Each structure stands twice: as C-alpha cells, then as structure tokens.
>>> print(open('protein.cif').read())   # mmCIF, C-alpha atoms
data_entry
loop_
_atom_site.label_atom_id
_atom_site.label_comp_id
_atom_site.auth_asym_id
_atom_site.auth_seq_id
_atom_site.Cartn_x
_atom_site.Cartn_y
_atom_site.Cartn_z
CA MET A 14 0.00 0.00 0.00
CA THR A 15 1.45 3.37 -0.95
CA GLU A 16 1.21 6.52 1.10
CA TYR A 17 -1.42 7.68 -1.29
CA ASP A 18 -3.71 4.71 -0.75
CA ARG A 19 -3.61 4.58 3.03
CA PRO A 20 -7.10 5.21 4.46
CA VAL A 21 -7.60 8.66 5.92
CA THR A 22 -8.04 8.98 9.69
CA GLU A 23 -10.11 11.58 11.51
CA ASP A 24 -6.91 13.09 12.88
CA GLU A 25 -5.77 13.60 9.34
CA LEU A 26 -8.98 15.36 8.45
CA HIS A 27 -8.29 17.86 11.24
CA ALA A 28 -4.67 18.19 10.21
CA TYR A 29 -5.86 18.77 6.65
CA VAL A 30 -8.13 21.62 7.72
CA ASP A 31 -5.34 23.12 9.83
CA GLY A 32 -2.59 22.83 7.24
CA GLU A 33 -0.59 20.40 9.34
CA LEU A 34 -0.29 17.59 6.79
CA PRO A 35 2.79 16.78 4.74
CA ASP A 36 2.28 17.37 1.02
CA ASP A 37 1.85 13.73 0.00
CA ARG A 38 -0.91 13.16 2.54
CA LYS A 39 -2.55 16.44 1.63
CA GLU A 40 -3.15 15.12 -1.86
CA ALA A 41 -4.29 11.78 -0.53
CA VAL A 42 -6.82 13.45 1.76
CA ALA A 43 -8.08 15.70 -1.03
CA ALA A 44 -8.58 12.63 -3.21
CA TRP A 45 -10.32 10.84 -0.35
CA LEU A 46 -12.70 13.74 0.19
CA ALA A 47 -13.61 13.77 -3.48
CA MET A 48 -14.74 10.16 -3.09
CA HIS A 49 -16.36 10.44 0.34
CA PRO A 50 -19.03 13.14 0.48
CA ASP A 51 -19.81 12.52 4.16
CA ASP A 52 -16.26 13.31 5.20
CA ALA A 53 -16.18 16.20 2.77
CA GLY A 54 -19.27 17.59 4.49
CA ILE A 55 -17.64 17.35 7.90
CA VAL A 56 -14.48 19.04 6.68
CA ALA A 57 -16.53 21.81 5.08
CA ALA A 58 -18.39 22.34 8.37
CA TRP A 59 -15.11 22.64 10.27
CA GLN A 60 -13.77 25.07 7.72
CA ALA A 61 -16.94 27.11 8.01
CA GLN A 62 -16.61 27.24 11.82
CA ALA A 63 -13.04 28.44 11.52
CA GLU A 64 -14.13 31.05 9.02
CA SER A 65 -16.92 32.34 11.30
CA ILE A 66 -14.51 32.56 14.21
CA ARG A 67 -12.03 34.56 12.16
CA MET A 68 -14.81 36.76 10.78
CA ARG A 69 -16.14 37.46 14.24
CA TYR A 70 -12.88 38.12 16.08
CA GLY A 71 -10.17 38.71 13.50
CA ALA A 72 -10.72 42.45 13.44
CA ALA A 73 -9.83 42.78 17.13
CA ALA A 74 -6.18 42.54 16.15
CA HIS A 75 -6.45 45.61 13.95
CA GLU A 76 -8.10 47.96 16.41
CA ALA A 77 -6.10 50.83 17.86
CA ILE A 78 -4.42 49.71 21.05
CA PRO A 79 -5.93 51.50 24.05
CA GLU A 80 -3.65 53.51 26.27
CA ARG A 81 -3.85 51.13 29.17
CA LEU A 82 -2.32 48.38 27.06
CA GLN A 83 0.65 50.42 25.95
CA LEU A 84 3.88 49.17 27.42
CA GLU A 85 5.16 52.63 28.33
CA ARG A 86 2.09 53.17 30.45
CA ILE A 87 2.37 49.80 32.07
CA LEU A 88 6.06 50.26 32.78
CA ALA A 89 5.53 53.78 34.07
CA GLY A 90 3.11 52.86 36.79
CA ASP A 91 1.50 49.99 38.48
CA MET A 92 -1.29 49.48 36.06
CA VAL A 93 -2.64 46.50 37.89
CA ALA A 94 -3.50 48.68 40.82
CA ALA A 95 -4.60 51.54 38.59
CA ARG A 96 -7.00 49.42 36.62
CA PRO A 97 -10.52 50.61 37.09
CA ARG A 98 -12.45 47.95 38.90
CA GLY A 99 -15.10 48.42 36.28
CA ARG A 100 -17.84 45.95 36.94
CA ARG A 101 -19.21 46.93 40.26
CA MET A 102 -21.45 43.90 40.33
CA MET A 103 -18.50 41.62 40.15
CA GLY A 104 -16.79 43.45 42.94
CA MET A 105 -19.87 43.08 45.05
CA ALA A 106 -20.13 39.42 44.24
CA ALA A 107 -16.50 38.99 45.25
CA ALA A 108 -17.19 40.78 48.50
CA ALA A 109 -20.14 38.49 49.09
CA VAL A 110 -18.05 35.40 48.53
CA PHE A 111 -15.41 36.74 50.85
CA ALA A 112 -17.97 37.58 53.50
CA ALA A 113 -19.20 34.00 53.38
CA PHE A 114 -15.66 32.75 53.63
CA VAL A 115 -14.82 34.98 56.58
CA ALA A 116 -18.10 34.08 58.26
CA GLY A 117 -17.12 30.43 57.97
CA GLY A 118 -13.97 31.17 59.88
CA GLY A 119 -15.99 33.23 62.30
CA VAL A 120 -18.32 30.40 63.11
CA GLY A 121 -15.38 28.29 64.13
CA TRP A 122 -14.10 31.08 66.22
CA MET A 123 -17.43 31.64 67.99
CA ALA A 124 -17.85 27.94 68.56
CA HIS A 125 -14.53 27.81 70.30
CA GLY A 126 -15.71 30.53 72.63
CA ALA A 127 -12.56 32.51 72.16
CA THR A 128 -12.30 35.99 73.51
CA VAL A 129 -12.23 39.03 71.31
CA THR A 130 -9.08 39.23 69.21
CA LYS A 131 -6.53 41.84 70.00
CA THR A 132 -6.33 43.51 66.63
CA SER A 133 -3.05 45.25 67.27
CA ALA A 134 -0.97 42.09 67.66
CA PHE A 135 -2.83 40.57 64.79
CA ASP A 136 -2.21 43.52 62.51
CA ALA A 137 1.44 43.51 63.47
CA ILE A 138 1.88 39.90 62.39
CA THR A 139 0.11 40.57 59.12
CA ALA A 140 2.34 43.58 58.50
CA ASP A 141 5.47 41.53 59.30
CA ALA A 142 4.35 38.82 56.93
CA LEU A 143 3.61 41.30 54.15
CA ASP A 144 7.00 42.91 54.65
CA ALA A 145 8.64 39.52 54.33
CA TYR A 146 6.58 38.83 51.25
CA ARG A 147 7.64 42.10 49.61
CA LEU A 148 11.25 41.58 50.57
CA TYR A 149 11.67 38.05 49.27
CA VAL A 150 9.19 37.79 46.46
CA VAL A 151 11.28 40.00 44.19
CA GLU A 152 14.40 38.03 44.97
CA VAL A 153 15.54 36.23 41.85
CA ARG A 154 18.50 34.16 42.98
CA HIS A 155 17.98 33.60 46.68
CA PRO A 156 14.30 33.82 47.52
CA VAL A 157 14.57 30.94 50.00
CA GLU A 158 17.14 29.31 52.25
CA VAL A 159 16.05 25.74 51.64
CA PRO A 160 14.68 24.84 48.21
CA GLY A 161 11.37 23.06 47.73
CA SER A 162 13.21 20.02 46.42
CA GLU A 163 14.33 19.38 50.00
CA GLN A 164 10.84 19.60 51.42
CA ALA A 165 11.29 16.94 54.12
CA HIS A 166 14.40 18.61 55.42
CA LEU A 167 12.75 22.03 55.25
CA ARG A 168 9.79 20.83 57.32
CA GLN A 169 11.99 19.15 59.91
CA TRP A 170 14.32 22.05 60.29
CA LEU A 171 11.62 24.72 60.55
CA SER A 172 9.49 22.60 62.90
CA LYS A 173 12.47 22.25 65.20
CA ARG A 174 13.14 25.98 65.15
CA VAL A 175 9.56 27.18 65.64
CA GLY A 176 8.90 24.55 68.30
CA TYR A 177 5.83 22.85 66.88
CA GLU A 178 5.14 20.37 64.15
CA LEU A 179 4.63 22.18 60.84
CA SER A 180 3.10 20.96 57.67
CA ILE A 181 3.86 22.40 54.28
CA PRO A 182 0.61 22.77 52.34
CA ASP A 183 0.51 21.29 48.86
CA LEU A 184 -0.83 23.93 46.47
CA SER A 185 -0.10 22.07 43.26
CA SER A 186 -3.83 21.81 42.53
CA LEU A 187 -3.74 25.60 42.12
CA GLY A 188 -0.69 25.38 39.88
CA LEU A 189 1.59 26.65 42.64
CA LYS A 190 4.89 24.91 43.19
CA LEU A 191 6.84 25.12 46.42
CA VAL A 192 9.92 27.29 45.87
CA GLY A 193 11.15 26.59 49.37
CA GLY A 194 11.24 28.23 52.74
CA ARG A 195 13.24 30.17 55.25
CA LEU A 196 13.36 31.04 58.91
CA LEU A 197 12.31 34.54 59.96
CA PRO A 198 12.07 36.43 63.23
CA GLY A 199 8.65 35.95 64.78
CA PRO A 200 6.46 38.60 66.42
CA ALA A 201 7.63 37.90 69.97
CA GLY A 202 11.32 37.54 69.22
CA ASP A 203 10.75 33.86 68.53
CA ALA A 204 10.98 32.08 65.20
CA ALA A 205 8.58 32.12 62.29
CA ALA A 206 8.40 29.82 59.28
CA PHE A 207 8.06 31.24 55.81
CA TYR A 208 7.22 29.29 52.66
CA MET A 209 7.15 30.53 49.12
CA TYR A 210 5.19 29.15 46.16
CA GLU A 211 5.37 30.07 42.52
CA GLY A 212 2.94 29.66 39.64
CA ALA A 213 3.59 28.94 35.98
CA SER A 214 3.69 32.57 35.02
CA GLY A 215 5.82 33.77 37.91
CA GLU A 216 3.21 34.82 40.44
CA ARG A 217 4.40 34.17 43.97
CA TYR A 218 2.54 33.47 47.19
CA THR A 219 3.97 33.10 50.66
CA ILE A 220 2.79 31.59 53.91
CA TYR A 221 4.06 32.95 57.19
CA CYS A 222 3.43 30.94 60.36
CA ALA A 223 4.22 32.03 63.88
CA LYS A 224 3.03 31.28 67.39
CA ALA A 225 0.08 33.41 68.42
CA ALA A 226 -1.21 34.57 71.77
CA GLN A 227 -4.86 33.92 71.01
CA PRO A 228 -6.20 30.44 70.23
CA GLU A 229 -8.39 31.16 67.21
CA THR A 230 -9.51 34.04 65.05
CA ALA A 231 -11.61 34.56 61.98
CA LEU A 232 -9.95 35.12 58.64
CA ARG A 233 -9.15 38.69 57.79
CA PHE A 234 -8.21 40.34 54.59
CA LYS A 235 -5.70 43.16 54.28
CA GLY A 236 -5.36 44.60 50.80
CA GLY A 237 -2.72 46.89 49.37
CA GLU A 238 -2.22 48.28 45.91
CA ARG A 239 0.21 45.66 44.72
CA ASP A 240 -0.22 42.89 47.23
CA ALA A 241 -2.58 41.61 49.84
CA ALA A 242 -2.76 39.17 52.72
CA ILE A 243 -5.29 36.96 54.43
CA ALA A 244 -4.51 36.13 58.03
CA TRP A 245 -5.99 33.98 60.74
CA VAL A 246 -5.08 32.12 63.88
CA ASP A 247 -5.81 28.45 64.26
CA ASN A 248 -4.86 26.42 67.30
CA LYS A 249 -2.50 29.11 68.59
CA VAL A 250 -0.62 29.47 65.33
CA SER A 251 -1.03 32.54 63.11
CA TYR A 252 -1.05 32.02 59.40
CA VAL A 253 -0.63 34.82 56.92
CA VAL A 254 -1.01 34.05 53.24
CA SER A 255 0.34 36.87 51.06
CA GLY A 256 0.27 37.32 47.35
CA PRO A 257 -0.53 39.62 44.43
CA SER A 258 -3.52 41.90 44.97
CA ASP A 259 -5.89 39.65 43.02
CA ARG A 260 -8.28 39.05 45.86
CA ASP A 261 -10.13 36.11 44.34
CA LYS A 262 -7.00 34.16 43.71
CA LEU A 263 -5.64 35.00 47.14
CA GLU A 264 -8.87 33.79 48.74
CA THR A 265 -8.58 30.53 46.86
CA VAL A 266 -5.00 30.06 47.98
CA ALA A 267 -5.79 31.01 51.58
CA LYS A 268 -8.82 28.75 51.67
CA ASN A 269 -6.70 25.90 50.42
CA VAL A 270 -4.05 26.50 53.07
CA TYR A 271 -6.73 26.88 55.72
CA ASP A 272 -8.37 23.60 54.77
CA GLN A 273 -5.08 21.71 54.72
CA VAL A 274 -3.96 23.08 58.06
CA ASP A 275 -7.42 22.46 59.47
CA LYS A 276 -7.33 18.82 58.46
CA GLY A 277 -4.78 18.33 61.17
CA GLY A 278 -1.84 18.84 58.88
CA ALA A 279 -0.12 20.85 61.58
CA LYS A 280 -0.06 19.17 64.95
CA LYS A 281 0.90 21.69 67.54
CA SER A 282 2.31 20.75 70.86
CA MET B 22 17.72 41.84 17.29
CA ALA B 23 14.43 42.62 18.93
CA THR B 24 14.57 43.13 22.66
CA PHE B 25 12.36 41.22 25.04
CA ARG B 26 10.08 44.24 25.41
CA GLN B 27 9.73 44.74 21.69
CA GLU B 28 8.81 41.12 21.31
CA VAL B 29 6.24 41.42 24.06
CA GLU B 30 4.83 44.54 22.44
CA ALA B 31 4.50 42.82 19.09
CA THR B 32 2.16 40.24 20.60
CA ILE B 33 -0.43 42.76 21.84
CA PRO B 34 -2.74 42.78 18.79
CA ALA B 35 -2.90 38.99 18.65
CA LEU B 36 -3.40 38.72 22.39
CA ARG B 37 -6.34 41.10 22.16
CA ARG B 38 -7.90 39.04 19.42
CA PHE B 39 -7.42 35.79 21.35
CA ALA B 40 -8.72 37.32 24.58
CA ARG B 41 -11.74 38.78 22.80
CA ALA B 42 -12.72 35.36 21.51
CA LEU B 43 -12.01 33.72 24.85
CA THR B 44 -14.09 36.14 26.88
CA ARG B 45 -16.49 37.45 24.22
CA ASP B 46 -16.38 40.69 26.19
CA THR B 47 -14.21 43.62 25.08
CA GLU B 48 -13.55 45.01 28.56
CA ALA B 49 -12.80 41.67 30.15
CA ALA B 50 -10.55 40.84 27.21
CA ASP B 51 -8.46 43.97 27.61
CA ASP B 52 -8.27 43.40 31.37
CA LEU B 53 -6.87 40.00 30.61
CA VAL B 54 -4.35 41.36 28.12
CA GLN B 55 -3.29 44.04 30.55
CA ASP B 56 -2.73 41.52 33.33
CA THR B 57 -0.82 39.33 30.90
CA LEU B 58 1.47 42.21 29.95
CA VAL B 59 2.10 43.17 33.56
CA ARG B 60 2.84 39.58 34.47
CA ALA B 61 5.18 39.12 31.52
CA LEU B 62 7.13 42.31 32.16
CA ARG B 63 7.47 41.46 35.81
CA SER B 64 8.54 37.93 35.11
CA GLU B 65 11.11 38.59 32.44
CA HIS B 66 13.63 36.70 34.58
CA LEU B 67 11.51 33.56 34.24
CA PHE B 68 11.60 33.64 30.48
CA HIS B 69 14.29 31.23 29.43
CA GLY B 70 14.51 31.56 25.69
CA GLY B 71 11.98 30.01 23.40
CA GLU B 72 9.25 32.01 21.77
CA VAL B 73 7.89 35.07 23.53
CA ARG B 74 4.66 34.67 21.62
CA THR B 75 3.82 31.19 22.92
CA TRP B 76 4.86 32.23 26.41
CA MET B 77 2.44 35.17 26.27
CA TYR B 78 -0.39 32.91 25.14
CA THR B 79 0.44 30.58 28.01
CA ILE B 80 0.22 33.37 30.57
CA LEU B 81 -3.02 34.67 29.09
CA ALA B 82 -4.63 31.24 29.01
CA ASN B 83 -3.62 30.65 32.64
CA LEU B 84 -4.98 33.99 33.76
CA ASN B 85 -8.19 33.31 31.91
CA ARG B 86 -8.54 29.98 33.66
CA ASN B 87 -8.21 31.75 37.00
CA ARG B 88 -10.76 34.30 35.87
CA LEU B 89 -13.23 31.60 34.88
CA ARG B 90 -12.67 29.82 38.15
CA SER B 91 -13.56 32.87 40.16
CA LEU B 92 -16.52 33.59 37.89
CA ALA B 93 -17.73 30.06 38.47
CA ARG B 94 -17.67 30.62 42.22
CA ARG B 95 -19.89 33.63 41.87
CA PRO B 96 -23.55 32.97 41.71
CA VAL B 97 -25.68 34.60 39.01
CA MET B 98 -22.94 36.32 37.16
CA VAL B 99 -23.56 35.37 33.56
CA PRO B 100 -27.08 35.99 32.39
CA VAL B 101 -28.27 33.32 30.02
CA ASP B 102 -29.40 35.64 27.31
CA ASP B 103 -32.32 34.72 25.18
CA GLY B 104 -33.35 37.66 23.07
CA ASP B 105 -30.38 39.59 24.38
CA ALA B 106 -29.11 43.04 23.67
CA ALA B 107 -26.32 42.06 21.31
CA VAL B 108 -28.34 43.28 18.37
CA ASP B 109 -25.37 44.89 16.68
CA ALA B 110 -23.87 41.52 15.85
CA PRO B 111 -25.40 39.68 12.90
CA GLU B 112 -27.20 36.44 13.62
CA GLY B 113 -24.35 34.21 12.40
CA ALA B 114 -21.82 35.99 14.58
CA ARG B 115 -24.02 35.55 17.61
CA ASP B 116 -24.30 31.86 16.85
CA ILE B 117 -20.56 31.33 16.80
CA GLU B 118 -20.26 33.39 19.97
CA ARG B 119 -22.82 31.26 21.77
CA GLY B 120 -21.32 28.12 20.33
CA LEU B 121 -17.91 29.01 21.75
CA ALA B 122 -19.53 29.62 25.12
CA THR B 123 -20.70 26.01 25.24
CA LEU B 124 -17.18 24.59 24.89
CA VAL B 125 -15.09 23.17 27.69
CA ASP B 126 -12.30 25.66 28.51
CA GLU B 127 -9.32 23.63 27.31
CA GLN B 128 -11.13 22.70 24.13
CA ARG B 129 -12.03 26.29 23.39
CA ASP B 130 -8.45 27.38 24.06
CA ALA B 131 -7.11 24.74 21.69
CA LEU B 132 -9.57 25.54 18.92
CA LEU B 133 -8.99 29.29 19.10
CA LEU B 134 -5.22 28.95 19.23
CA VAL B 135 -5.31 26.86 16.08
CA VAL B 136 -7.97 28.47 13.93
CA LEU B 137 -7.84 32.08 15.10
CA GLU B 138 -4.22 32.45 16.13
CA GLY B 139 -2.85 30.10 13.49
CA LEU B 140 -0.56 28.25 15.87
CA SER B 141 0.75 24.79 15.08
CA TYR B 142 -0.36 21.74 17.04
CA ARG B 143 3.12 21.60 18.52
CA GLU B 144 2.91 25.18 19.80
CA VAL B 145 -0.53 24.58 21.29
CA ALA B 146 0.78 21.45 23.01
CA GLU B 147 3.55 23.56 24.51
CA ILE B 148 1.10 26.23 25.67
CA GLN B 149 -1.30 23.75 27.21
CA GLY B 150 1.47 21.56 28.61
CA VAL B 151 0.03 18.39 27.08
CA PRO B 152 1.03 15.96 24.31
CA ILE B 153 0.04 16.75 20.72
CA GLY B 154 -2.43 13.86 20.78
CA THR B 155 -4.32 15.59 23.58
CA VAL B 156 -4.42 18.83 21.62
CA MET B 157 -5.88 16.95 18.68
CA SER B 158 -8.57 15.29 20.74
CA ARG B 159 -9.48 18.64 22.32
CA LEU B 160 -9.73 20.10 18.86
CA ALA B 161 -11.87 17.22 17.67
CA ARG B 162 -14.25 17.54 20.61
CA ALA B 163 -14.50 21.30 20.21
CA ARG B 164 -15.34 20.97 16.54
CA GLN B 165 -17.88 18.26 17.17
CA GLN B 166 -19.62 20.23 19.91
CA LEU B 167 -19.63 23.40 17.84
CA LYS B 168 -21.03 21.53 14.87
CA SER B 169 -23.88 20.02 16.83
CA PHE B 170 -24.56 23.36 18.50
CA LEU B 171 -24.69 25.21 15.20
CA GLU B 172 -26.84 22.52 13.60
CA GLY B 173 -29.12 21.93 16.54
CA GLY B 174 -29.40 25.55 17.59
CA ARG B 175 -29.13 24.70 21.28
CA PRO B 176 -26.54 22.84 23.29
CA ALA B 177 -27.76 19.53 24.62
CA LEU B 178 -26.40 20.46 27.98
CA ARG B 179 -25.26 23.64 29.57
CA ARG B 180 -21.91 23.15 31.17
CA VAL B 181 -22.01 23.30 34.93
CA LYS B 182 -18.79 24.03 36.65
#
>>> encode(input="protein.cif", output="structure tokens")
Amino acid sequence: MTEYDRPVTEDELHAYVDGELPDDRKEAVAAWLAMHPDDAGIVAAWQAQAESIRMRYGAAAHEAIPERLQLERILAGDMVAARPRGRRMMGMAAAAVFAAFVAGGGVGWMAHGATVTKTSAFDAITADALDAYRLYVVEVRHPVEVPGSEQAHLRQWLSKRVGYELSIPDLSSLGLKLVGGRLLPGPAGDAAAFYMYEGASGERYTIYCAKAAQPETALRFKGGERDAAIAWVDNKVSYVVSGPSDRDKLETVAKNVYDQVDKGGAKKS
Amino acid sequence: MATFRQEVEATIPALRRFARALTRDTEAADDLVQDTLVRALRSEHLFHGGEVRTWMYTILANLNRNRLRSLARRPVMVPVDDGDAAVDAPEGARDIERGLATLVDEQRDALLLVVLEGLSYREVAEIQGVPIGTVMSRLARARQQLKSFLEGGRPALRRVK
C-alpha cells in the first residue's frame, strides 16, 4: 500500500483543515474527500466554523491599542492597581463570597468561645508577613534558604526551630509549586516559618506561620495596591497568606491552606 | 535583534484578538491582556529563551482559567441571554459566539489557538502543557460540539462548573 492509498483517519482530516499535513498526505486526503461526500461535508463544516470565528474576532487585532495596554504606560506605573475595577457587580459578588468565607472562619471562632481578638498584635503579624513577602518575592536568585526540592528537610528544620510540628501545604492543585522556605524572626522575638510558592507565570505566594497569643480568630483580609494578605489564627498558630492583589486568587489560595492546616496537617504541641 | 520588550509589544494585537474570543467581552478581554502584559514584564527573569509569543499565550490562558474559576464561584454572574441586547452583531456571529460559550475551557483554548491564532499543534501542546495527541482530541471535541450546537441551535447540555 502506498502513502497515497492509506485510508484517511479523523486526525488527518483535522490536520488537513489546519494545514498540518505533509504534502503527500494532503493530496491523498483531497482525493479521499472527493470520493467520500460525508467526510467532505464534515471538513466543510469545520472550515466554516473556523471562518466564522475569524470573521467574528479577527478584526480585534487591527483595532487601535488603548492607552492602558501600551507598554510605556504599564512600565511607568502599576497598572494592575490603577486598573478601574469596572464591573461593580463583580466586585460586590466577590465581597459576598469573601464575607461567606470569613463568616465560615468566624463560626469556628465563635464555637470555640474565644475571647475578642486583639487587633493590634494581629495587625502587626500581618504587617510583618507582608514585609517579608515584599522583601523576598522580588528576589531572583535567593528567595529561599532551603529549596522546595528538599521539602522533608525544610519541614523538619523549621518545625524544630519554631517549636511545633509544621506541615507544608501542597498547592499544586492551584498550579503553585513550592519554591522553598526560610526562617524569619517571629512577632515575639521567637521564630517564624516562611514558605514561598510560585505559579507557571511567575506569580508568587507566601505563607508565614508564627506562634500566636490567642487560640483562634476569623480570617481577615488586608489589601494593598500591589499585594494583599489573608490572616488567621488556628490552634494558637497565626497564618498569613500573602500574594498579588488579586483578591479572588488570594482567597482561593488562603482557603486551600486553611483547609489543609485544618485537616490536622499541623499538629501543635 | 528585537529586545524582550519589543517582542512582548508585538504580541499585543494577537493577544487582544485571542482574549476577545475567549471572553467574548471587550472590557474583560483587555483586562486579561493588561494583566498578561504586567505579568510578563514582571517575570522577564523567568523567560528562558523560546518564543515570547507562545509564552504570552500561556500566561493569558492561565490567567483566563483563574478568571473563569472565580466567575464560576460567583452565583448569578452570567445571564443566560435569550433575546439579548447584542443586536449589533449579525445572527451568524451571535451563533458562533454562543457556540464558543458552550465549549469546555481547554477545548475552546485549543480551537482558538489553532484556527484564530494560526498556531501549530506543537505550539498549542507547549502552551497547554500536554502531548500533541491531547491537543488533537481537544480540537476534535471542540469541533464536534460546535457543529452540533450550530446545527441543533441549542446545546444539549449547559456546562455546569
């Protein structure tokens, strides 16, 4: 059987439409289509779809580029922060989701009968964690002391230094890979653990854990222009998850960390 | 030789086109492109050779996935429009728009990258981080779903996420 005679597969029909076939098979497929009207109909339908898609959206590439997409503008200022949060409804919906999320934490807090949180200490930890985030997240060569490839060692070492058993949350389901971790000064002159994660396109998130005075708190959000943090205390350990100011994504990351820690991942002494 | 920034800049028109088809919403599309540009400029150190263009598409597709994820968590965000206000678009254009909306995300990405952006199967495989065979099956499913949508007028099933 020659190349020319080989029956045509469906994959080849797609490749034919998309110009991915070698020349000899191109001819073979064209000959096949001439003999098989059903397949020819399918190919014509696919070509028509492609044509409608190009007709509908092709022109978008020829429109004048708006100012906010010009590189000079983006490089000149932090356009992420400057971006108008246009759709108010979406903002409100986000706030609603967050309220539900915080309330969930709050229920746990109420159920534990904890006393009212001292906001000052709490804010201080969040500020420390955000400072650490800002300091290390821009670091190209040495963002961490122990790389994520030595996760077991990292966990052991940090657990020993902070004085309770730590767990390192797995955020791979969110596309975030553990970069590694380091030891930092904690709020009361003790030690704090700091982990960094990185996504496929370079976005970085950090988790800061330190001993806390209060047993439990609700989750709180602290947003800045470029970055933001969500903090809470669970079982006498404060957790601060910091990341880019995209609140939705940060909530997802924080929720993930919260759930993993809550599942007894971290056993405190 | 073009600098990294010039190469990034050269991708803007195509990114806008891709984003427009992905979101079917001009504002959301430009938000997505803007975030992609910011991310790319900030992450220049992570770019280790290869093609800037495919890297940009990768970032944009990832950001769009995040966007869709947060949209999915929000109740009542996307009105299911019957007799909607998009009267400026001709009937055929609205059909293809609605048809695209019925596709599974990865399948829509693959189809648009191939037919609208003119990328090769190999490039799409790189962008989606999957083997070429997977790209082809995504493409096949997208085309099949679109065909039955356009022929039947309505999707058999609205995707619930």
>>> interface_residues(input="protein.cif", of="chain B", to="chain A", cutoff="7 Å", atoms="all atoms listed in the file", output="NGL selection string")
:B and (30 or 34-35 or 37-38 or 41-42 or 55-56 or 59 or 64 or 67 or 80 or 91 or 95 or 114 or 117 or 136-137 or 164)
>>> write_last_selection(input="protein.cif", atoms="C-alpha atoms", output="JSON list (two decimals), in the frame of the given file")
[["chain", "number", "residue", "atom", "x", "y", "z"],
["B", 30, "GLU", "CA", 4.83, 44.54, 22.44],
["B", 34, "PRO", "CA", -2.74, 42.78, 18.79],
["B", 35, "ALA", "CA", -2.90, 38.99, 18.65],
["B", 37, "ARG", "CA", -6.34, 41.10, 22.16],
["B", 38, "ARG", "CA", -7.90, 39.04, 19.42],
["B", 41, "ARG", "CA", -11.74, 38.78, 22.80],
["B", 42, "ALA", "CA", -12.72, 35.36, 21.51],
["B", 55, "GLN", "CA", -3.29, 44.04, 30.55],
["B", 56, "ASP", "CA", -2.73, 41.52, 33.33],
["B", 59, "VAL", "CA", 2.10, 43.17, 33.56],
["B", 64, "SER", "CA", 8.54, 37.93, 35.11],
["B", 67, "LEU", "CA", 11.51, 33.56, 34.24],
["B", 80, "ILE", "CA", 0.22, 33.37, 30.57],
["B", 91, "SER", "CA", -13.56, 32.87, 40.16],
["B", 95, "ARG", "CA", -19.89, 33.63, 41.87],
["B", 114, "ALA", "CA", -21.82, 35.99, 14.58],
["B", 117, "ILE", "CA", -20.56, 31.33, 16.80],
["B", 136, "VAL", "CA", -7.97, 28.47, 13.93],
["B", 137, "LEU", "CA", -7.84, 32.08, 15.10],
["B", 164, "ARG", "CA", -15.34, 20.97, 16.54]]
>>> atom_distance(input="protein.cif", atom1="CA of Ala204 (chain A)", atom2="CA of Val175 (chain A)")
5.1 Å
>>> atom_distance(input="protein.cif", atom1="CA of Ala231 (chain A)", atom2="CA of Asp136 (chain A)")
13.0 Å
>>> atom_distance(input="protein.cif", atom1="CA of His66 (chain B)", atom2="CA of Ser162 (chain A)")
20.5 Å
>>> resolve_selection(input="protein.cif", expression="the PyMOL selection byres ((chain B and resi 69-74) around 12)", output="count of residues only")
38
>>> residues_around(input="protein.cif", residues="region 163-168 of chain A", least_positions_apart="6", cutoff="12 Å", atoms="only C-alpha atoms", output="ChimeraX atom specification")
/A:157,174-183,190-196,206-209,278-279
>>> write_last_selection(input="protein.cif", atoms="C-alpha atoms", output="compact mmCIF listing (two decimals), in the coordinates of the input")
# COMPACT_ATOMS: atom_id res chain seq x y z
CA VAL A 157 14.57 30.94 50.00
CA ARG A 174 13.14 25.98 65.15
CA VAL A 175 9.56 27.18 65.64
CA GLY A 176 8.90 24.55 68.30
CA TYR A 177 5.83 22.85 66.88
CA GLU A 178 5.14 20.37 64.15
CA LEU A 179 4.63 22.18 60.84
CA SER A 180 3.10 20.96 57.67
CA ILE A 181 3.86 22.40 54.28
CA PRO A 182 0.61 22.77 52.34
CA ASP A 183 0.51 21.29 48.86
CA LYS A 190 4.89 24.91 43.19
CA LEU A 191 6.84 25.12 46.42
CA VAL A 192 9.92 27.29 45.87
CA GLY A 193 11.15 26.59 49.37
CA GLY A 194 11.24 28.23 52.74
CA ARG A 195 13.24 30.17 55.25
CA LEU A 196 13.36 31.04 58.91
CA ALA A 206 8.40 29.82 59.28
CA PHE A 207 8.06 31.24 55.81
CA TYR A 208 7.22 29.29 52.66
CA MET A 209 7.15 30.53 49.12
CA GLY A 278 -1.84 18.84 58.88
CA ALA A 279 -0.12 20.85 61.58
>>> resolve_selection(input="protein.cif", expression="the PyMOL selection byres ((chain B and resi 122-130) around 9)", output="ChimeraX atom specification")
/B:39,43-45,82,86,89,117-121,131-135,145,149,156,158-164,166-167,170,176,178-180
>>> write_last_selection(input="protein.cif", atoms="C-alpha atoms", output="compact mmCIF listing (two decimals), in the frame of the given file")
# COMPACT_ATOMS: atom_id res chain seq x y z
CA PHE B 39 -7.42 35.79 21.35
CA LEU B 43 -12.01 33.72 24.85
CA THR B 44 -14.09 36.14 26.88
CA ARG B 45 -16.49 37.45 24.22
CA ALA B 82 -4.63 31.24 29.01
CA ARG B 86 -8.54 29.98 33.66
CA LEU B 89 -13.23 31.60 34.88
CA ILE B 117 -20.56 31.33 16.80
CA GLU B 118 -20.26 33.39 19.97
CA ARG B 119 -22.82 31.26 21.77
CA GLY B 120 -21.32 28.12 20.33
CA LEU B 121 -17.91 29.01 21.75
CA ALA B 131 -7.11 24.74 21.69
CA LEU B 132 -9.57 25.54 18.92
CA LEU B 133 -8.99 29.29 19.10
CA LEU B 134 -5.22 28.95 19.23
CA VAL B 135 -5.31 26.86 16.08
CA VAL B 145 -0.53 24.58 21.29
CA GLN B 149 -1.30 23.75 27.21
CA VAL B 156 -4.42 18.83 21.62
CA SER B 158 -8.57 15.29 20.74
CA ARG B 159 -9.48 18.64 22.32
CA LEU B 160 -9.73 20.10 18.86
CA ALA B 161 -11.87 17.22 17.67
CA ARG B 162 -14.25 17.54 20.61
CA ALA B 163 -14.50 21.30 20.21
CA ARG B 164 -15.34 20.97 16.54
CA GLN B 166 -19.62 20.23 19.91
CA LEU B 167 -19.63 23.40 17.84
CA PHE B 170 -24.56 23.36 18.50
CA PRO B 176 -26.54 22.84 23.29
CA LEU B 178 -26.40 20.46 27.98
CA ARG B 179 -25.26 23.64 29.57
CA ARG B 180 -21.91 23.15 31.17
>>> resolve_selection(input="protein.cif", expression="the PyMOL selection byres ((chain A and resi 245) around 6)", output="ChimeraX atom specification")
/A:230-232,244,246,251-252
>>> residues_around(input="protein.cif", residues="Trp45 (chain A)", least_positions_apart="5", cutoff="12 Å", atoms="all atoms listed in the file", output="list in words")
Tyr17, Asp18, Arg19, Pro20, Val21, Thr22, Glu23, Glu25, Leu26, Tyr29, Arg38, Lys39, Glu40, Pro50, Asp51, Asp52, Ala53 and Val56 of chain A
>>> closest_residue(input="protein.cif", among="B:Gln165, B:Thr155, B:Asn85, B:Ser141", to="Leu53 (chain B)", atoms="all atoms listed in the file")
B:Asn85
>>> closest_residue(input="protein.cif", among="B:Asp116, B:Pro152, B:Ala50, B:Ala146", to="Glu172 (chain B)", atoms="all atoms listed in the file")
B:Asp116
>>> closest_residue(input="protein.cif", among="A:Ser185, A:Ser255, A:Gln273, A:Gln169", to="Ala242 (chain A)", atoms="only C-alpha atoms")
A:Ser255
